[in-house]
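*Asks:* Provided herewith is a single structure, encoded as C-alpha cells, for subsequent inquiry.
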Amino acid sequence: MGSFFIMAVLEKGSKKLLNAWAFYDWANSVYTLTIASSIFPIFYSALFINSTSEIKTVWAFGFEFKSTALITFVTAFTFLVVALTSPILSGIADYVGNKKNFLKFFCYVGSIGCIGLYWFDITPDKIHLSLLFYFMGLIGYWGSLVFYNSYLPDIAFPEQQDSISAKGFSLGYIGSVLLLVLNLAMVMFPSFFFIEANENETASQVAMKISFVTVGIWWALFSQYSFYWLPKGASTGHKVTKAIIFNGFKELKLVWKQLKQNLRLKRYLYAFFVFSMAVQTIMLIAVYFGEEEIAWGDDEAKTFGLIGSILIIQLVAVLGAFLTSRASSKYGNIKTLIVINFIWMALCFYAYFMVSPIQFYIAAGFVGLVMGGVQSLARSTYSKFLPETEDTTSYFSFYDVAEKIGIVIGMVVFAFIDQITGSMRNGILFLFVFFLAGILLLLRVPKNASQDV
C-alpha cells in the first residue's frame, strides 16, 4: 500500500503529471463535439420529423415550446447554474483540499448524463427526465472544467503552463475528432456495425443513441488516467462554514471594486461581455440552425452535411487560431478583435439569408476561421490588461463567471426571439446588434503607450 502511494504522487512540473492533466482534455472534449455540437442536435431535431405543423413544438414544464427554443432555454439555465455554483464549489474545494473529488463528481455526472441520452424522448411522460440527462451532461462538462482549469498552477510552473495548456487542447481536438469520425461512420453505415432499425426509429437514429453511450464511456474511462496521477490536494480537515461557502462571491465582489479603479480593464471587460455572449450563442445553436433553416434535400444528406460542417469548423479553427495570433502580434489585440467582430457581424447578416448547403458550408468555414482565435485572444488580452497582482485566480474566476452570465443572456434572448417569431433566422440577425455594440465598446478601450496591445 505504501509503495502504491509513493508511485501515485508526482512532483509539480514532472512530465508524467503534466501529461496526466492534459489527458483529461482527451477524455472530456468528446462531449463538446459529439453531443453539444453535432450528433445530439441532429438527433433532437429528428425527433420532430413527423411534426404535422410547420413549426415543431413540444410540451414541457406546463408550456408549449418551439423545439429549438426549449433546448436553448435549458442550455441557458444550465450555464446559469454553473455561473452561480462554480465560485462556491471552487472555494470549498480549495479550502478542504479535495479538488480531485469535485472533478470526479462532475465527470461522472456528465458521463451518466451522456449515457442517459440513449433514452431521450420528447413524449410528455419522458421529456423531463430526458432534459435532466441533457442537463447532467452539460453541467458535468462545464462543472468539471472549473476544477480541471484550477489544477494548472498546482501541477505546472508558470513557464510550463502555456505549452501544457496547448497540449491539452491538441489532445482534446484529436480525441474528439477520432470519436466523431467513428460515430459518423455508425450513423452513415449502421449495417456495417450491425445496427438495425426498430419499430420507432431508423437504424441511423439508433446509431446516434449508441454514439451518446460511447461518449459517456469514453469520458469516464479515459479520465481514470488523469484521476490516478493528479494530486488530491492537501487535506485540511476544516469544516465548511457559511463564510467559506460565500467566500468565492466575496472575492468576485472585491475584484469588481478593483476593476472600477482600472478604466482600461473595466472597459475591455464590458466589450468582452457583450461580444462573447453572441459568439458563444452562435457556437451553441449553429447545428440546430443548420438543421432547421437549410434545405438539405433528405435526412441522409442533412446528417452528413451537418456533421461535415462541424468537421470543417474544427479543421479551419486551427488555421484561424494561427492567423489570429499572427495578426494580433502585428496589429495589436484590440484592433484584431475589432476586425474579428466585424466578420462575426457579416456572418450574422449572411446567415439570415442562407438557404442552401453550400452557403452553410461557406458560413461554417468562416465561423471556424474566427472561432479559432477569438476565445484565446479575448482571454490573453484580459490577461495582459491585468494589474500587477499575485491573485490572478480571482480575476480569472470573475472573467469566467462574466462569460457564463453572458452566455445565459445571449441564449435567453435568442430563445425568446425564436419562440416568439417562430424563426431562428430572426434570432441570428438580432445577434448582429451584440457584435456592433462589442465593436463600439472595444473602440472605447484606452490605449496604453507603454504597452503595445
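Here, A, B, ... name the chains of the C-alpha cells in the order displayed, residue numbers run from 1 inside each chain, and ligands are numbered from 1 in the same displayed order.
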Enumerate, in order of chain and increasing residue number, the residues of segment 285-321 of chain A with an atom no farther than 8 Å from segment 345-366 of chain A, each with its shortest atom pair and distance in Å to one decimal, counting only C-alpha atoms, as CSV.

*Replies:*
residue,atom,partner,partner_atom,distance
A:Gly290,CA,A:Phe360,CA,7.2
A:Glu293,CA,A:Val355,CA,6.6
A:Ile294,CA,A:Val355,CA,4.8
A:Ala295,CA,A:Ser356,CA,5.6
A:Trp296,CA,A:Pro357,CA,6.1
A:Gly305,CA,A:Pro357,CA,7.3
A:Ser309,CA,A:Tyr361,CA,5.8
A:Ile310,CA,A:Ala364,CA,7.4
A:Ile312,CA,A:Gly365,CA,6.2
A:Ile313,CA,A:Ala364,CA,5.6
A:Val316,CA,A:Gly365,CA,6.3

*Asks:* What does the file look like for those residues with N, CA, C and O atoms, as a compact mmCIF listing (two decimals), in the first residue's frame?

*Replies:*
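The resulting file, result-v4.txt, is reproduced below:
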# COMPACT_ATOMS: atom_id res chain seq x y z
N GLY A 290 -28.70 25.05 -38.65
CA GLY A 290 -28.47 24.37 -39.92
C GLY A 290 -29.50 23.29 -40.20
O GLY A 290 -29.94 23.11 -41.33
N GLU A 293 -33.09 25.43 -40.78
CA GLU A 293 -33.23 26.51 -41.77
C GLU A 293 -32.61 26.23 -43.14
O GLU A 293 -32.83 26.98 -44.07
N ILE A 294 -31.84 25.15 -43.26
CA ILE A 294 -31.16 24.86 -44.53
C ILE A 294 -31.89 23.74 -45.27
O ILE A 294 -32.30 22.74 -44.68
N ALA A 295 -32.04 23.92 -46.59
CA ALA A 295 -32.73 22.92 -47.43
C ALA A 295 -31.73 21.85 -47.87
O ALA A 295 -31.04 21.98 -48.88
N TRP A 296 -31.68 20.75 -47.12
CA TRP A 296 -30.70 19.70 -47.38
C TRP A 296 -31.15 18.70 -48.44
O TRP A 296 -30.34 18.03 -49.05
N GLY A 305 -24.25 16.34 -44.04
CA GLY A 305 -23.88 17.75 -44.23
C GLY A 305 -23.60 18.47 -42.94
O GLY A 305 -22.63 19.23 -42.84
N SER A 309 -20.00 19.82 -41.73
CA SER A 309 -19.76 21.23 -41.44
C SER A 309 -19.05 21.41 -40.10
O SER A 309 -18.21 22.31 -39.94
N ILE A 310 -19.37 20.53 -39.13
CA ILE A 310 -18.69 20.59 -37.83
C ILE A 310 -17.21 20.26 -38.01
O ILE A 310 -16.33 20.91 -37.41
N ILE A 312 -15.48 20.75 -40.71
CA ILE A 312 -14.90 21.91 -41.40
C ILE A 312 -14.51 22.97 -40.36
O ILE A 312 -13.40 23.52 -40.39
N ILE A 313 -15.45 23.25 -39.43
CA ILE A 313 -15.19 24.25 -38.40
C ILE A 313 -13.97 23.86 -37.57
O ILE A 313 -13.09 24.69 -37.30
N VAL A 316 -10.69 24.24 -39.78
CA VAL A 316 -10.36 25.63 -40.09
C VAL A 316 -10.00 26.40 -38.82
O VAL A 316 -9.22 27.36 -38.87

*Asks:* Hey, what's within 9 Å of Leu138 of chain A if we count only C-alpha atoms and toss same-chain stuff fewer than 6 positions away? As a list in words, please?

*Replies:* Tyr31, Thr32, Ala36, Thr75, Thr78, Phe79, Gly110, Gly113 and Cys114 of chain A

*Asks:* Write a file of the selected residues as a tab-separated table (two decimals), in the first residue's frame, keeping N, CA and C atoms.

*Replies:*
chain	number	residue	atom	x	y	z
A	31	TYR	N	-17.41	15.26	-25.48
A	31	TYR	CA	-18.76	15.77	-25.17
A	31	TYR	C	-19.10	16.97	-26.05
A	32	THR	N	-18.19	17.93	-26.13
A	32	THR	CA	-18.50	19.16	-26.86
A	32	THR	C	-18.70	18.91	-28.34
A	36	ALA	N	-22.70	18.25	-27.72
A	36	ALA	CA	-23.08	19.66	-27.73
A	36	ALA	C	-23.14	20.24	-29.14
A	75	THR	N	-30.34	24.98	-21.97
A	75	THR	CA	-28.90	25.24	-22.02
A	75	THR	C	-28.55	26.50	-21.24
A	78	THR	N	-28.70	25.87	-17.54
A	78	THR	CA	-27.54	25.11	-17.08
A	78	THR	C	-26.34	26.03	-16.86
A	79	PHE	N	-26.10	26.94	-17.79
A	79	PHE	CA	-24.98	27.87	-17.65
A	79	PHE	C	-25.19	28.80	-16.46
A	110	GLY	N	-21.56	14.02	-15.70
A	110	GLY	CA	-21.62	14.25	-17.14
A	110	GLY	C	-21.65	12.96	-17.93
A	113	GLY	N	-25.02	11.41	-17.65
A	113	GLY	CA	-25.95	12.19	-18.46
A	113	GLY	C	-25.87	11.82	-19.93
A	114	CYS	N	-24.63	11.65	-20.43
A	114	CYS	CA	-24.44	11.28	-21.85
A	114	CYS	C	-25.06	9.90	-22.13

*Asks:* If we count only C-alpha atoms and set the cut-off at 7 Å, which residues sit around segment 82-87 of chain A, ignoring sequence neighbours fewer than 5 positions away in its own chain? Please answer as a ChimeraX atom specification.

*Replies:* /A:139,143,146,248-249,401,404-405

*Asks:* With distances taken over only C-alpha atoms, which residue among A:Ser111, A:Ser130, A:Asn333, A:Ser165 lies nearest Asn19 of chain A?

*Replies:*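 Closest candidate: A:Ser165.
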